[in-house]
>>> print(open('model_29.txt').read())   # compact mmCIF, C-alpha atoms and all ligand atoms
# COMPACT_ATOMS: atom_id res chain seq x y z
CA MET A 9 -24.89 7.96 0.37
CA ASN A 10 -25.06 6.38 -3.07
CA PRO A 11 -26.29 2.79 -3.10
CA VAL A 12 -23.86 -0.04 -3.90
CA PRO A 13 -24.17 -0.34 -7.71
CA VAL A 14 -24.86 -3.62 -9.52
CA ALA A 15 -21.77 -3.29 -11.72
CA LYS A 16 -18.81 -0.99 -12.25
CA PRO A 17 -16.17 -1.20 -14.98
CA VAL A 18 -12.50 -1.32 -13.94
CA LEU A 19 -10.92 1.66 -15.73
CA ASP A 20 -8.12 4.03 -14.77
CA GLU A 21 -5.11 5.95 -16.07
CA ARG A 22 -3.85 2.91 -17.96
CA GLU A 23 -6.83 3.03 -20.33
CA VAL A 24 -6.57 6.83 -20.55
CA GLU A 25 -2.89 6.53 -21.52
CA ALA A 26 -3.69 3.86 -24.12
CA VAL A 27 -6.32 6.03 -25.82
CA ARG A 28 -4.06 9.06 -25.64
CA ARG A 29 -1.32 7.13 -27.42
CA VAL A 30 -3.73 6.13 -30.21
CA ILE A 31 -5.19 9.61 -30.66
CA LEU A 32 -1.75 11.17 -30.93
CA SER A 33 -0.69 8.51 -33.44
CA GLY A 34 -3.21 9.97 -35.90
CA TRP A 35 -4.73 6.56 -36.75
CA VAL A 36 -8.00 6.17 -34.85
CA THR A 37 -10.21 3.72 -36.73
CA GLN A 38 -9.67 -0.03 -37.27
CA GLY A 39 -5.93 -0.46 -37.69
CA PRO A 40 -2.87 -1.73 -35.84
CA GLU A 41 -4.45 -1.62 -32.36
CA VAL A 42 -7.42 -3.70 -33.52
CA ALA A 43 -5.03 -6.22 -35.10
CA ALA A 44 -3.00 -6.45 -31.88
CA PHE A 45 -6.13 -6.77 -29.72
CA GLU A 46 -7.39 -9.60 -31.94
CA GLU A 47 -4.12 -11.46 -31.65
CA GLU A 48 -4.00 -11.07 -27.88
CA PHE A 49 -7.63 -12.07 -27.47
CA ALA A 50 -7.20 -15.17 -29.66
CA ASP A 51 -4.20 -16.09 -27.57
CA PHE A 52 -6.11 -15.59 -24.33
CA VAL A 53 -9.06 -17.83 -25.25
CA GLY A 54 -6.99 -20.29 -27.28
CA ALA A 55 -8.76 -19.54 -30.59
CA ARG A 56 -7.24 -19.85 -34.04
CA HIS A 57 -8.95 -16.67 -35.29
CA ALA A 58 -10.40 -13.62 -33.54
CA CYS A 59 -12.10 -10.75 -35.40
CA ALA A 60 -13.04 -7.53 -33.57
CA VAL A 61 -16.33 -5.78 -34.35
CA SER A 62 -18.45 -2.90 -33.04
CA ASN A 63 -20.40 -4.95 -30.46
CA CYS A 64 -21.72 -8.45 -29.73
CA THR A 65 -25.00 -7.88 -31.56
CA THR A 66 -23.17 -7.22 -34.83
CA ALA A 67 -20.90 -10.20 -34.04
CA LEU A 68 -23.98 -12.43 -33.76
CA HIS A 69 -25.32 -11.04 -37.04
CA LEU A 70 -22.08 -11.83 -38.89
CA ALA A 71 -21.87 -15.28 -37.28
CA LEU A 72 -25.40 -16.14 -38.43
CA ARG A 73 -24.65 -14.94 -41.95
CA ALA A 74 -21.37 -16.89 -42.04
CA VAL A 75 -23.12 -20.18 -41.26
CA GLY A 76 -25.67 -19.38 -43.99
CA VAL A 77 -28.75 -18.26 -42.06
CA ASP A 78 -31.13 -16.56 -44.48
CA ALA A 79 -34.71 -15.32 -44.79
CA GLY A 80 -37.28 -17.88 -43.63
CA ASP A 81 -34.74 -20.06 -41.79
CA GLU A 82 -35.15 -21.04 -38.17
CA VAL A 83 -32.58 -20.59 -35.39
CA ILE A 84 -33.03 -22.36 -32.06
CA THR A 85 -32.25 -20.31 -28.98
CA VAL A 86 -33.68 -19.22 -25.62
CA SER A 87 -36.20 -16.49 -24.88
CA HIS A 88 -34.53 -16.03 -21.48
CA THR A 89 -31.66 -13.82 -22.70
CA PHE A 90 -30.92 -10.24 -23.64
CA ILE A 91 -33.05 -9.19 -26.63
CA ALA A 92 -29.97 -8.82 -28.90
CA THR A 93 -29.60 -12.62 -29.19
CA ALA A 94 -32.90 -12.90 -31.04
CA ASN A 95 -32.69 -9.51 -32.78
CA ALA A 96 -29.58 -10.70 -34.64
CA ILE A 97 -31.61 -13.67 -35.95
CA ARG A 98 -34.29 -11.29 -37.21
CA TYR A 99 -31.69 -9.10 -38.96
CA CYS A 100 -31.19 -12.16 -41.22
CA GLY A 101 -34.94 -12.38 -41.89
CA ALA A 102 -34.89 -15.65 -39.95
CA VAL A 103 -37.18 -16.74 -37.11
CA PRO A 104 -36.01 -17.34 -33.53
CA VAL A 105 -37.33 -20.64 -32.15
CA PHE A 106 -37.43 -20.46 -28.38
CA VAL A 107 -36.86 -23.36 -26.01
CA ASP A 108 -36.88 -23.27 -22.22
CA ILE A 109 -34.01 -23.04 -19.76
CA GLU A 110 -33.02 -25.74 -17.29
CA LYS A 111 -34.88 -26.00 -14.02
CA GLY A 112 -32.61 -24.64 -11.30
CA GLY A 113 -30.31 -22.82 -13.76
CA TYR A 114 -30.34 -20.00 -16.30
CA ASN A 115 -29.05 -21.74 -19.44
CA ILE A 116 -30.73 -23.60 -22.32
CA ASP A 117 -32.11 -27.05 -21.45
CA PRO A 118 -30.25 -29.38 -23.87
CA ASP A 119 -33.08 -31.94 -23.56
CA LEU A 120 -35.40 -29.59 -25.45
CA ILE A 121 -33.19 -28.90 -28.47
CA GLU A 122 -33.86 -32.05 -30.48
CA GLY A 123 -37.64 -31.53 -30.32
CA ALA A 124 -37.26 -28.03 -31.76
CA ILE A 125 -35.29 -29.09 -34.84
CA THR A 126 -37.14 -28.90 -38.17
CA PRO A 127 -35.91 -29.07 -41.80
CA ARG A 128 -35.64 -25.24 -41.63
CA THR A 129 -33.28 -25.18 -38.62
CA LYS A 130 -30.04 -23.56 -39.78
CA ALA A 131 -28.28 -22.82 -36.50
CA ILE A 132 -28.41 -23.03 -32.72
CA ILE A 133 -27.42 -20.03 -30.60
CA CYS A 134 -26.64 -21.15 -27.07
CA VAL A 135 -26.02 -18.46 -24.46
CA HIS A 136 -23.51 -18.61 -21.59
CA GLN A 137 -25.93 -16.62 -19.49
CA LEU A 138 -24.56 -14.48 -16.65
CA GLY A 139 -21.10 -15.85 -17.49
CA MET A 140 -22.00 -19.45 -16.57
CA PRO A 141 -21.03 -21.86 -19.38
CA CYS A 142 -23.95 -23.79 -20.85
CA ASP A 143 -23.70 -27.56 -21.37
CA LEU A 144 -21.68 -27.35 -24.58
CA ALA A 145 -20.73 -31.03 -24.63
CA ARG A 146 -24.38 -32.07 -24.93
CA ILE A 147 -25.43 -29.16 -27.15
CA VAL A 148 -22.58 -29.71 -29.62
CA ALA A 149 -23.21 -33.49 -29.71
CA ILE A 150 -26.87 -32.93 -30.65
CA ALA A 151 -25.96 -30.26 -33.22
CA VAL A 152 -23.27 -32.41 -34.84
CA SER A 153 -25.62 -35.38 -35.13
CA HIS A 154 -28.02 -33.16 -37.11
CA GLY A 155 -25.35 -31.24 -39.03
CA ILE A 156 -26.42 -27.91 -37.50
CA PRO A 157 -23.82 -25.24 -36.63
CA VAL A 158 -23.56 -23.91 -33.08
CA ILE A 159 -23.00 -20.22 -32.36
CA GLU A 160 -22.11 -19.40 -28.76
CA ASP A 161 -23.48 -16.13 -27.42
CA ALA A 162 -20.55 -15.57 -25.09
CA ALA A 163 -21.39 -11.88 -24.53
CA CYS A 164 -21.11 -12.36 -20.75
CA ALA A 165 -18.50 -15.13 -20.73
CA THR A 166 -15.07 -13.57 -21.40
CA GLY A 167 -12.72 -15.59 -19.20
CA SER A 168 -15.22 -18.31 -18.23
CA GLU A 169 -13.94 -21.87 -18.56
CA ILE A 170 -15.26 -25.32 -19.37
CA LEU A 171 -13.88 -28.81 -18.77
CA TRP A 172 -13.54 -30.19 -22.30
CA LYS A 173 -12.34 -33.74 -22.88
CA GLY A 174 -10.56 -33.66 -19.52
CA ARG A 175 -8.95 -30.22 -19.92
CA TRP A 176 -9.98 -26.80 -18.70
CA GLU A 177 -10.43 -24.51 -21.69
CA LYS A 178 -11.61 -20.92 -22.08
CA ILE A 179 -15.00 -20.21 -23.57
CA GLY A 180 -14.30 -18.97 -27.10
CA LYS A 181 -11.83 -21.60 -28.28
CA PRO A 182 -14.60 -22.05 -29.56
CA HIS A 183 -16.29 -25.36 -28.75
CA GLY A 184 -19.16 -24.63 -31.10
CA ASP A 185 -18.43 -23.19 -34.57
CA ILE A 186 -18.27 -19.50 -33.64
CA ALA A 187 -18.28 -17.61 -30.32
CA CYS A 188 -19.40 -13.97 -29.95
CA PHE A 189 -18.23 -11.72 -27.12
CA SER A 190 -19.33 -8.31 -25.81
CA PHE A 191 -17.24 -5.52 -24.31
CA HIS A 192 -20.19 -3.42 -23.15
CA PRO A 193 -19.53 -1.85 -19.70
CA ARG A 194 -21.99 -4.26 -18.08
CA LYS A 195 -19.70 -7.21 -18.98
CA VAL A 196 -16.46 -8.18 -17.18
CA VAL A 197 -14.14 -6.15 -19.44
CA THR A 198 -15.12 -3.19 -21.59
CA THR A 199 -14.11 -1.06 -24.56
CA GLY A 200 -17.15 1.24 -24.15
CA ASP A 201 -18.88 -0.79 -26.82
CA GLY A 202 -17.20 -3.60 -28.69
CA GLY A 203 -17.37 -7.22 -29.73
CA MET A 204 -15.26 -10.15 -30.87
CA LEU A 205 -15.85 -13.24 -33.01
CA THR A 206 -13.69 -16.32 -32.52
CA THR A 207 -13.59 -19.40 -34.74
CA ALA A 208 -11.32 -22.22 -35.90
CA ASN A 209 -12.71 -21.85 -39.43
CA PRO A 210 -10.51 -19.60 -41.67
CA GLU A 211 -13.32 -19.16 -44.22
CA TYR A 212 -15.68 -17.77 -41.54
CA ASP A 213 -12.93 -15.46 -40.32
CA ARG A 214 -12.34 -14.21 -43.88
CA LYS A 215 -16.04 -13.41 -44.22
CA PHE A 216 -16.18 -11.55 -40.89
CA ARG A 217 -13.27 -9.37 -42.00
CA LEU A 218 -14.86 -8.65 -45.37
CA TRP A 219 -18.35 -7.92 -44.04
CA ARG A 220 -17.36 -5.77 -41.07
CA GLN A 221 -15.76 -3.29 -43.48
CA HIS A 222 -18.55 -2.68 -46.04
CA GLY A 223 -17.61 -5.85 -47.99
CA MET A 224 -14.55 -3.95 -49.22
CA SER A 225 -11.91 -6.13 -50.89
CA VAL A 226 -8.94 -4.34 -49.29
CA THR A 227 -8.72 -2.69 -45.88
CA ASP A 228 -7.71 0.94 -45.28
CA ALA A 229 -4.53 -0.25 -43.63
CA VAL A 230 -3.51 -2.22 -46.74
CA ARG A 231 -4.31 0.68 -49.09
CA HIS A 232 -2.44 3.23 -46.97
CA GLY A 233 0.56 0.94 -46.60
CA SER A 234 0.83 0.08 -50.31
CA LYS A 235 3.55 1.44 -52.57
CA GLN A 236 1.30 0.83 -55.54
CA VAL A 237 -2.07 2.28 -56.40
CA ILE A 238 -4.83 -0.12 -55.34
CA PHE A 239 -8.50 0.16 -56.31
CA GLU A 240 -10.84 -1.56 -53.89
CA SER A 241 -13.91 -3.52 -55.00
CA TYR A 242 -17.10 -4.61 -53.25
CA PRO A 243 -17.85 -8.22 -54.11
CA GLU A 244 -20.60 -8.68 -51.47
CA LEU A 245 -23.02 -6.74 -49.27
CA GLY A 246 -21.20 -5.64 -46.14
CA TYR A 247 -21.74 -3.47 -43.07
CA ASN A 248 -19.90 -0.91 -41.05
CA TYR A 249 -19.27 -3.07 -37.98
CA ARG A 250 -15.72 -1.90 -37.28
CA MET A 251 -14.13 -1.44 -33.87
CA THR A 252 -11.99 1.70 -33.57
CA ASP A 253 -8.30 1.63 -32.63
CA MET A 254 -9.16 3.71 -29.54
CA GLN A 255 -11.54 0.99 -28.35
CA ALA A 256 -9.02 -1.74 -29.15
CA ALA A 257 -6.31 0.06 -27.17
CA VAL A 258 -8.64 0.08 -24.16
CA GLY A 259 -9.42 -3.60 -24.80
CA ARG A 260 -5.74 -4.52 -24.72
CA GLU A 261 -5.38 -2.91 -21.29
CA GLN A 262 -8.55 -4.62 -20.09
CA LEU A 263 -7.26 -7.99 -21.27
CA LYS A 264 -4.15 -7.53 -19.12
CA ARG A 265 -6.39 -6.92 -16.11
CA LEU A 266 -8.78 -9.76 -16.86
CA PRO A 267 -7.14 -12.54 -14.77
CA THR A 268 -7.11 -10.28 -11.69
CA ILE A 269 -10.67 -9.11 -12.34
CA ILE A 270 -11.92 -12.69 -12.62
CA ALA A 271 -10.00 -13.86 -9.53
CA GLN A 272 -11.62 -11.03 -7.58
CA ARG A 273 -15.10 -11.79 -8.96
CA ARG A 274 -14.72 -15.47 -8.02
CA LYS A 275 -13.71 -14.48 -4.49
CA ILE A 276 -16.81 -12.30 -4.12
CA ALA A 277 -19.10 -14.98 -5.56
CA LYS A 278 -17.65 -17.48 -3.09
CA GLN A 279 -18.37 -15.10 -0.21
CA TYR A 280 -21.96 -14.67 -1.38
CA ALA A 281 -22.36 -18.43 -1.67
CA GLU A 282 -20.97 -19.02 1.82
CA GLN A 283 -22.82 -16.21 3.56
CA LEU A 284 -26.17 -16.65 1.86
CA SER A 285 -26.43 -20.43 1.91
CA GLY A 286 -28.83 -22.40 4.05
CA ARG A 287 -31.79 -20.05 3.68
CA SER A 288 -35.04 -21.62 2.60
CA ALA A 289 -36.10 -18.40 0.82
CA LEU A 290 -33.07 -18.34 -1.49
CA ALA A 291 -31.60 -20.61 -4.14
CA LEU A 292 -27.98 -19.87 -5.02
CA PRO A 293 -26.56 -20.15 -8.55
CA VAL A 294 -25.06 -23.58 -9.23
CA GLU A 295 -21.67 -23.97 -10.90
CA PRO A 296 -21.55 -27.44 -12.49
CA THR A 297 -18.36 -29.48 -11.83
CA TRP A 298 -17.41 -28.97 -15.50
CA ALA A 299 -17.76 -25.17 -15.49
CA ARG A 300 -15.96 -22.16 -14.02
CA SER A 301 -17.97 -18.97 -14.24
CA ASN A 302 -16.39 -15.53 -14.53
CA TRP A 303 -19.37 -14.43 -12.35
CA GLN A 304 -20.39 -11.66 -14.73
CA SER A 305 -23.54 -11.64 -12.59
CA PHE A 306 -24.61 -13.32 -9.37
CA CYS A 307 -28.28 -14.24 -9.70
CA LEU A 308 -30.31 -15.20 -6.63
CA ARG A 309 -33.54 -17.13 -6.98
CA LEU A 310 -36.19 -16.01 -4.49
CA SER A 311 -38.81 -18.42 -3.24
CA GLU A 312 -42.12 -17.88 -5.00
CA ASP A 313 -43.92 -16.46 -1.97
CA LEU A 314 -41.53 -13.50 -1.90
CA ASP A 315 -42.44 -10.47 -4.00
CA GLN A 316 -39.51 -9.65 -6.29
CA ARG A 317 -40.22 -5.93 -6.55
CA GLU A 318 -40.73 -5.64 -2.79
CA VAL A 319 -37.42 -7.38 -2.02
CA MET A 320 -35.63 -5.18 -4.56
CA GLN A 321 -37.16 -2.05 -2.98
CA GLN A 322 -36.21 -3.20 0.54
CA LEU A 323 -32.63 -3.70 -0.66
CA LEU A 324 -32.56 -0.30 -2.37
CA ASP A 325 -33.87 1.30 0.84
CA LYS A 326 -30.90 -0.32 2.61
CA GLY A 327 -28.46 1.10 0.03
CA VAL A 328 -28.13 -1.90 -2.29
CA SER A 329 -29.01 -1.75 -6.01
CA THR A 330 -30.18 -4.93 -7.71
CA ARG A 331 -31.65 -5.85 -11.09
CA ARG A 332 -34.41 -8.31 -11.78
CA GLY A 333 -33.68 -11.64 -13.45
CA ILE A 334 -32.90 -11.94 -17.16
CA MET A 335 -35.71 -10.82 -19.51
CA ASN A 336 -37.93 -13.05 -21.67
CA ILE A 337 -37.86 -11.94 -25.30
CA HIS A 338 -41.16 -13.58 -26.27
CA LEU A 339 -43.02 -11.30 -23.83
CA GLU A 340 -41.78 -8.06 -25.40
CA ASP A 341 -43.97 -6.11 -27.84
CA ALA A 342 -41.24 -6.29 -30.48
CA TYR A 343 -41.86 -10.07 -30.56
CA THR A 344 -45.44 -10.79 -29.56
CA GLN A 345 -46.93 -10.44 -33.05
CA THR A 346 -47.39 -13.86 -34.69
CA GLY A 347 -44.64 -15.10 -36.95
CA LEU A 348 -41.87 -13.06 -35.32
CA HIS A 349 -40.88 -16.04 -33.17
CA PHE A 350 -41.87 -19.66 -32.60
CA VAL A 351 -42.16 -21.32 -29.24
CA ALA A 352 -40.95 -24.92 -29.35
CA SER A 353 -41.48 -25.83 -25.71
CA SER A 354 -43.22 -24.45 -22.65
CA LEU A 355 -41.22 -21.43 -21.48
CA ARG A 356 -42.31 -21.88 -17.88
CA GLU A 357 -38.83 -21.97 -16.34
CA SER A 358 -37.75 -18.91 -18.35
CA VAL A 359 -40.71 -16.86 -17.09
CA LEU A 360 -40.31 -18.07 -13.49
CA ALA A 361 -36.61 -17.16 -13.58
CA GLN A 362 -37.43 -13.62 -14.73
CA GLN A 363 -40.14 -13.18 -12.11
CA HIS A 364 -38.32 -14.66 -9.13
CA SER A 365 -34.64 -13.84 -9.56
CA ILE A 366 -32.59 -10.81 -8.59
CA ILE A 367 -29.06 -9.88 -9.62
CA LEU A 368 -26.81 -8.74 -6.76
CA PRO A 369 -24.00 -6.17 -7.00
CA LEU A 370 -20.73 -7.79 -8.10
CA PHE A 371 -17.69 -5.87 -9.34
CA ALA A 372 -13.97 -6.23 -8.81
CA GLN A 373 -13.60 -3.02 -6.76
CA MET A 374 -16.26 -4.07 -4.23
CA THR A 375 -14.98 -3.48 -0.71
CA ASN A 376 -15.56 -5.78 2.26
CA TYR A 377 -17.85 -3.03 3.49
CA ASP A 378 -19.96 -3.17 0.27
CA LEU A 379 -20.08 -6.95 0.46
CA ALA A 380 -21.15 -6.94 4.10
CA ALA A 381 -23.83 -4.34 3.30
CA VAL A 382 -25.31 -6.51 0.54
CA ILE A 383 -25.22 -9.69 2.61
CA GLU A 384 -26.82 -7.97 5.59
CA ALA A 385 -29.54 -6.35 3.48
CA VAL A 386 -30.41 -9.64 1.76
CA SER A 387 -30.32 -11.52 5.05
CA LEU A 388 -32.65 -9.02 6.69
CA SER A 389 -35.12 -9.13 3.79
CA VAL A 390 -35.39 -12.87 3.74
CA SER A 391 -35.16 -13.46 7.49
CA GLU A 392 -38.33 -11.42 7.96
CA ARG A 393 -39.99 -13.94 5.67
CA ASP A 394 -38.39 -16.93 7.45
CA LEU A 395 -39.62 -15.58 10.79
CA ALA A 396 -43.12 -15.18 9.39
CA ILE A 397 -43.06 -18.80 8.23
CA GLU A 398 -41.79 -20.01 11.61
CA ARG A 399 -44.60 -18.13 13.32
CA ALA A 400 -47.14 -19.64 10.95
CA VAL A 401 -45.84 -23.17 11.70
C1 LIG B 501 -24.92 -7.90 -23.62
C2 LIG B 501 -25.44 -9.04 -24.38
C3 LIG B 501 -25.54 -9.01 -25.78
C4 LIG B 501 -25.31 -7.76 -26.59
O1 LIG B 501 -24.02 -7.28 -26.50
P1 LIG B 501 -23.68 -5.82 -27.14
O2 LIG B 501 -22.18 -5.82 -27.15
O3 LIG B 501 -24.27 -4.81 -26.22
O4 LIG B 501 -24.26 -5.79 -28.50
C5 LIG B 501 -25.94 -10.16 -26.43
N1 LIG B 501 -26.26 -11.28 -25.74
C6 LIG B 501 -26.18 -11.34 -24.40
C7 LIG B 501 -26.50 -12.62 -23.71
C8 LIG B 501 -25.79 -10.22 -23.66
O5 LIG B 501 -25.76 -10.29 -22.33
>>> encode(input="model_29.txt", output="structure tokens")
Amino acid sequence: MNPVPVAKPVLDEREVEAVRRVILSGWVTQGPEVAAFEEEFADFVGARHACAVSNCTTALHLALRAVGVDAGDEVITVSHTFIATANAIRYCGAVPVFVDIEKGGYNIDPDLIEGAITPRTKAIICVHQLGMPCDLARIVAIAVSHGIPVIEDAACATGSEILWKGRWEKIGKPHGDIACFSFHPRKVVTTGDGGMLTTANPEYDRKFRLWRQHGMSVTDAVRHGSKQVIFESYPELGYNYRMTDMQAAVGREQLKRLPTIIAQRRKIAKQYAEQLSGRSALALPVEPTWARSNWQSFCLRLSEDLDQREVMQQLLDKGVSTRRGIMNIHLEDAYTQTGLHFVASSLRESVLAQQHSIILPLFAQMTNYDLAAVIEAVSLSVSERDLAIERAV
């Protein structure tokens, strides 16, 4: 029997039909479907502007460029995140400045931001890691007081919510200056690969649209639709960061499913929290009173006397796949050479989180049988340890 996977995208005939419709229309690259997806996404998160791109990494790159990050600048972020967060900073020739995450959580520790600010700091990228909103109210307040723009890496946070000035709002309104989303299959909704930038700033949005299409002054859609001959020009360096209309058509179907997907994910997370609580060997993820996670991932913290790899192997032997906690970028060879990153605070919590956390299976189609299998396997693994401790006492 195949083990319970960590994640599984929700895709069926509806997405197939959507792609079929686009293919048969004869227009397959960025066009009317992308425009419709952008409008629907903006509507969903409550953003003024939404611009679709090829993935979240390219979204982060454009966001950094839009706020003016250039060679030699510094951008404050966490090491405890997927490598793309910092790679996008390096695409600008800038240097990632890493601060630690909060003790007991997986997001940036706002207390450490001020100490990392220098005259070269041009932006802060905060990450809503695992779908759990980071403390935007505090982060934005610090950033505003120093005149530094905030880019939200919301790759995992489509559909997550935050209590903002007394109202529940979607991540991506955005609450910082720009939010960047991912539609990779490992996230809650997918277009195969894909990304989205949201902002309230029309000038940023104009730049995203220019740069994603080679810096070309007019889009294909405008040229094809024109009754007059138009010659395009290239006023600035751009990229090919377009989303295709086939991807966007899938995205529109996924967006329709999103509320159901998130409701289901929240139900599963609640079951995990109820069934796995009260065990000394485990610390459950904490949802602050001002946050509602989409539960893109459910991350369990193991007590330090448990061996992460051993627990993961025991679970796999019992038919349950897991992944280890989020990586630390500063430990990877691509970053260890001097000058490629700065460390502004001890990264102790980031390293401990990587070494002692495991990500449990969580996907909307999980059956009660899958859920029971995971809970039983985890319970067995840690109860052996609890028994050993009782015997020792
Ligand atoms: C997945 C992820 C990304 C990269 O997204 P892509 O769409 O694959 O480029 C960036 N940041 C975080 C935190 C992620 O989890």
>>> closest_atom_pairs(input="model_29.txt", of="chain A", to="ligand LIG 501 (chain B)", cutoff="6 Å", atoms="all atoms listed in the file", output="CSV")
residue,atom,partner,partner_atom,distance
A:Asn63,CA,B:LIG501,O2,3.9
A:Cys64,CA,B:LIG501,O2,3.7
A:Thr65,CA,B:LIG501,O4,3.8
A:Thr89,CA,B:LIG501,C7,5.4
A:Phe90,CA,B:LIG501,C6,4.9
A:Ala92,CA,B:LIG501,C5,4.9
A:Thr93,CA,B:LIG501,N1,5.0
A:Val135,CA,B:LIG501,C7,5.9
A:Gln137,CA,B:LIG501,C7,5.8
A:Asp161,CA,B:LIG501,N1,5.8
A:Ala163,CA,B:LIG501,C8,4.8
A:Cys164,CA,B:LIG501,O5,5.3
A:Ser190,CA,B:LIG501,O2,4.0
A:Phe191,CA,B:LIG501,O2,5.7
A:His192,CA,B:LIG501,O2,5.1
A:Gly202,CA,B:LIG501,O2,5.7
A:Gly203,CA,B:LIG501,O2,5.6
>>> residues_around(input="model_29.txt", residues="Met140 in chain A", least_positions_apart="6", cutoff="12 Å", atoms="all atoms listed in the file", output="PDB file with C-alpha atoms, in the coordinates of the input")
ATOM      1  CA  GLY A 113     -30.310 -22.820 -13.760  1.00  0.00           C
ATOM      2  CA  TYR A 114     -30.340 -20.000 -16.300  1.00  0.00           C
ATOM      3  CA  ASN A 115     -29.050 -21.740 -19.440  1.00  0.00           C
ATOM      4  CA  ILE A 116     -30.730 -23.600 -22.320  1.00  0.00           C
ATOM      5  CA  CYS A 134     -26.640 -21.150 -27.070  1.00  0.00           C
ATOM      6  CA  ASP A 161     -23.480 -16.130 -27.420  1.00  0.00           C
ATOM      7  CA  ALA A 162     -20.550 -15.570 -25.090  1.00  0.00           C
ATOM      8  CA  ALA A 163     -21.390 -11.880 -24.530  1.00  0.00           C
ATOM      9  CA  CYS A 164     -21.110 -12.360 -20.750  1.00  0.00           C
ATOM     10  CA  ALA A 165     -18.500 -15.130 -20.730  1.00  0.00           C
ATOM     11  CA  THR A 166     -15.070 -13.570 -21.400  1.00  0.00           C
ATOM     12  CA  GLY A 167     -12.720 -15.590 -19.200  1.00  0.00           C
ATOM     13  CA  SER A 168     -15.220 -18.310 -18.230  1.00  0.00           C
ATOM     14  CA  GLU A 169     -13.940 -21.870 -18.560  1.00  0.00           C
ATOM     15  CA  ILE A 170     -15.260 -25.320 -19.370  1.00  0.00           C
ATOM     16  CA  LYS A 178     -11.610 -20.920 -22.080  1.00  0.00           C
ATOM     17  CA  ILE A 179     -15.000 -20.210 -23.570  1.00  0.00           C
ATOM     18  CA  ARG A 274     -14.720 -15.470  -8.020  1.00  0.00           C
ATOM     19  CA  PRO A 293     -26.560 -20.150  -8.550  1.00  0.00           C
ATOM     20  CA  VAL A 294     -25.060 -23.580  -9.230  1.00  0.00           C
ATOM     21  CA  GLU A 295     -21.670 -23.970 -10.900  1.00  0.00           C
ATOM     22  CA  PRO A 296     -21.550 -27.440 -12.490  1.00  0.00           C
ATOM     23  CA  THR A 297     -18.360 -29.480 -11.830  1.00  0.00           C
ATOM     24  CA  TRP A 298     -17.410 -28.970 -15.500  1.00  0.00           C
ATOM     25  CA  ALA A 299     -17.760 -25.170 -15.490  1.00  0.00           C
ATOM     26  CA  ARG A 300     -15.960 -22.160 -14.020  1.00  0.00           C
ATOM     27  CA  SER A 301     -17.970 -18.970 -14.240  1.00  0.00           C
ATOM     28  CA  ASN A 302     -16.390 -15.530 -14.530  1.00  0.00           C
ATOM     29  CA  TRP A 303     -19.370 -14.430 -12.350  1.00  0.00           C
ATOM     30  CA  GLN A 304     -20.390 -11.660 -14.730  1.00  0.00           C
ATOM     31  CA  SER A 305     -23.540 -11.640 -12.590  1.00  0.00           C
ATOM     32  CA  PHE A 306     -24.610 -13.320  -9.370  1.00  0.00           C
ATOM     33  CA  CYS A 307     -28.280 -14.240  -9.700  1.00  0.00           C
TER      34      CYS A 307
END
>>> closest_atom_pairs(input="model_29.txt", of="range 241-336 of chain A", to="range 42-49 of chain A", cutoff="7 Å", atoms="only C-alpha atoms", output="JSON lines")
{"residue": "A:Asp253", "atom": "CA", "partner": "A:Val42", "partner_atom": "CA", "distance": 5.5}
{"residue": "A:Ala256", "atom": "CA", "partner": "A:Val42", "partner_atom": "CA", "distance": 5.0}
{"residue": "A:Gly259", "atom": "CA", "partner": "A:Phe45", "partner_atom": "CA", "distance": 6.7}
{"residue": "A:Arg260", "atom": "CA", "partner": "A:Phe45", "partner_atom": "CA", "distance": 5.5}
>>> closest_atom_pairs(input="model_29.txt", of="range 121-219 of chain A", to="range 336-359 of chain A", cutoff="9 Å", atoms="only C-alpha atoms", output="CSV")
residue,atom,partner,partner_atom,distance
A:Ile121,CA,A:Ala352,CA,8.8
A:Gly123,CA,A:Ala352,CA,7.5
A:Ala124,CA,A:Ala352,CA,5.4
A:Ile125,CA,A:Ala352,CA,8.9
>>> residues_near_point(input="model_29.txt", point="(-12.6, 5.1, -25.5)", cutoff="12 Å", atoms="all atoms listed in the file", output="VMD selection string")
chain A and resid 19 to 20 22 to 31 36 to 37 191 to 193 198 to 202 251 to 262
>>> atom_distance(input="model_29.txt", atom1="CA of Arg309 in chain A", atom2="CA of Ser365 in chain A")
4.3 Å
>>> residues_around(input="model_29.txt", residues="His154 in chain A", least_positions_apart="6", cutoff="10 Å", atoms="all atoms listed in the file", output="ChimeraX atom specification")
/A:122,125,129,148
>>> closest_atom_pairs(input="model_29.txt", of="range 9-77 of chain A", to="range 205-223 of chain A", cutoff="10 Å", atoms="all atoms listed in the file", output="Markdown table")
| residue | atom | partner | partner_atom | distance |
| --- | --- | --- | --- | --- |
| A:Gln38 | CA | A:Gln221 | CA | 9.3 |
| A:Glu46 | CA | A:Thr206 | CA | 9.2 |
| A:Phe49 | CA | A:Thr206 | CA | 9.0 |
| A:Ala50 | CA | A:Thr206 | CA | 7.2 |
| A:Val53 | CA | A:Thr206 | CA | 8.8 |
| A:Gly54 | CA | A:Thr206 | CA | 9.4 |
| A:Ala55 | CA | A:Thr206 | CA | 6.2 |
| A:Arg56 | CA | A:Ala208 | CA | 5.1 |
| A:His57 | CA | A:Thr207 | CA | 5.4 |
| A:Ala58 | CA | A:Thr206 | CA | 4.4 |
| A:Cys59 | CA | A:Leu205 | CA | 5.1 |
| A:Ala60 | CA | A:Leu205 | CA | 6.4 |
| A:Val61 | CA | A:Arg220 | CA | 6.8 |
| A:Ser62 | CA | A:Arg220 | CA | 8.6 |
| A:Asn63 | CA | A:Leu205 | CA | 9.8 |
| A:Cys64 | CA | A:Leu205 | CA | 8.3 |
| A:Thr66 | CA | A:Arg220 | CA | 8.6 |
| A:Ala67 | CA | A:Leu205 | CA | 6.0 |
| A:Leu68 | CA | A:Leu205 | CA | 8.2 |
| A:His69 | CA | A:Phe216 | CA | 9.9 |
| A:Leu70 | CA | A:Phe216 | CA | 6.2 |
| A:Ala71 | CA | A:Leu205 | CA | 7.7 |
| A:Arg73 | CA | A:Lys215 | CA | 9.0 |
| A:Ala74 | CA | A:Tyr212 | CA | 5.8 |
| A:Val75 | CA | A:Tyr212 | CA | 7.8 |
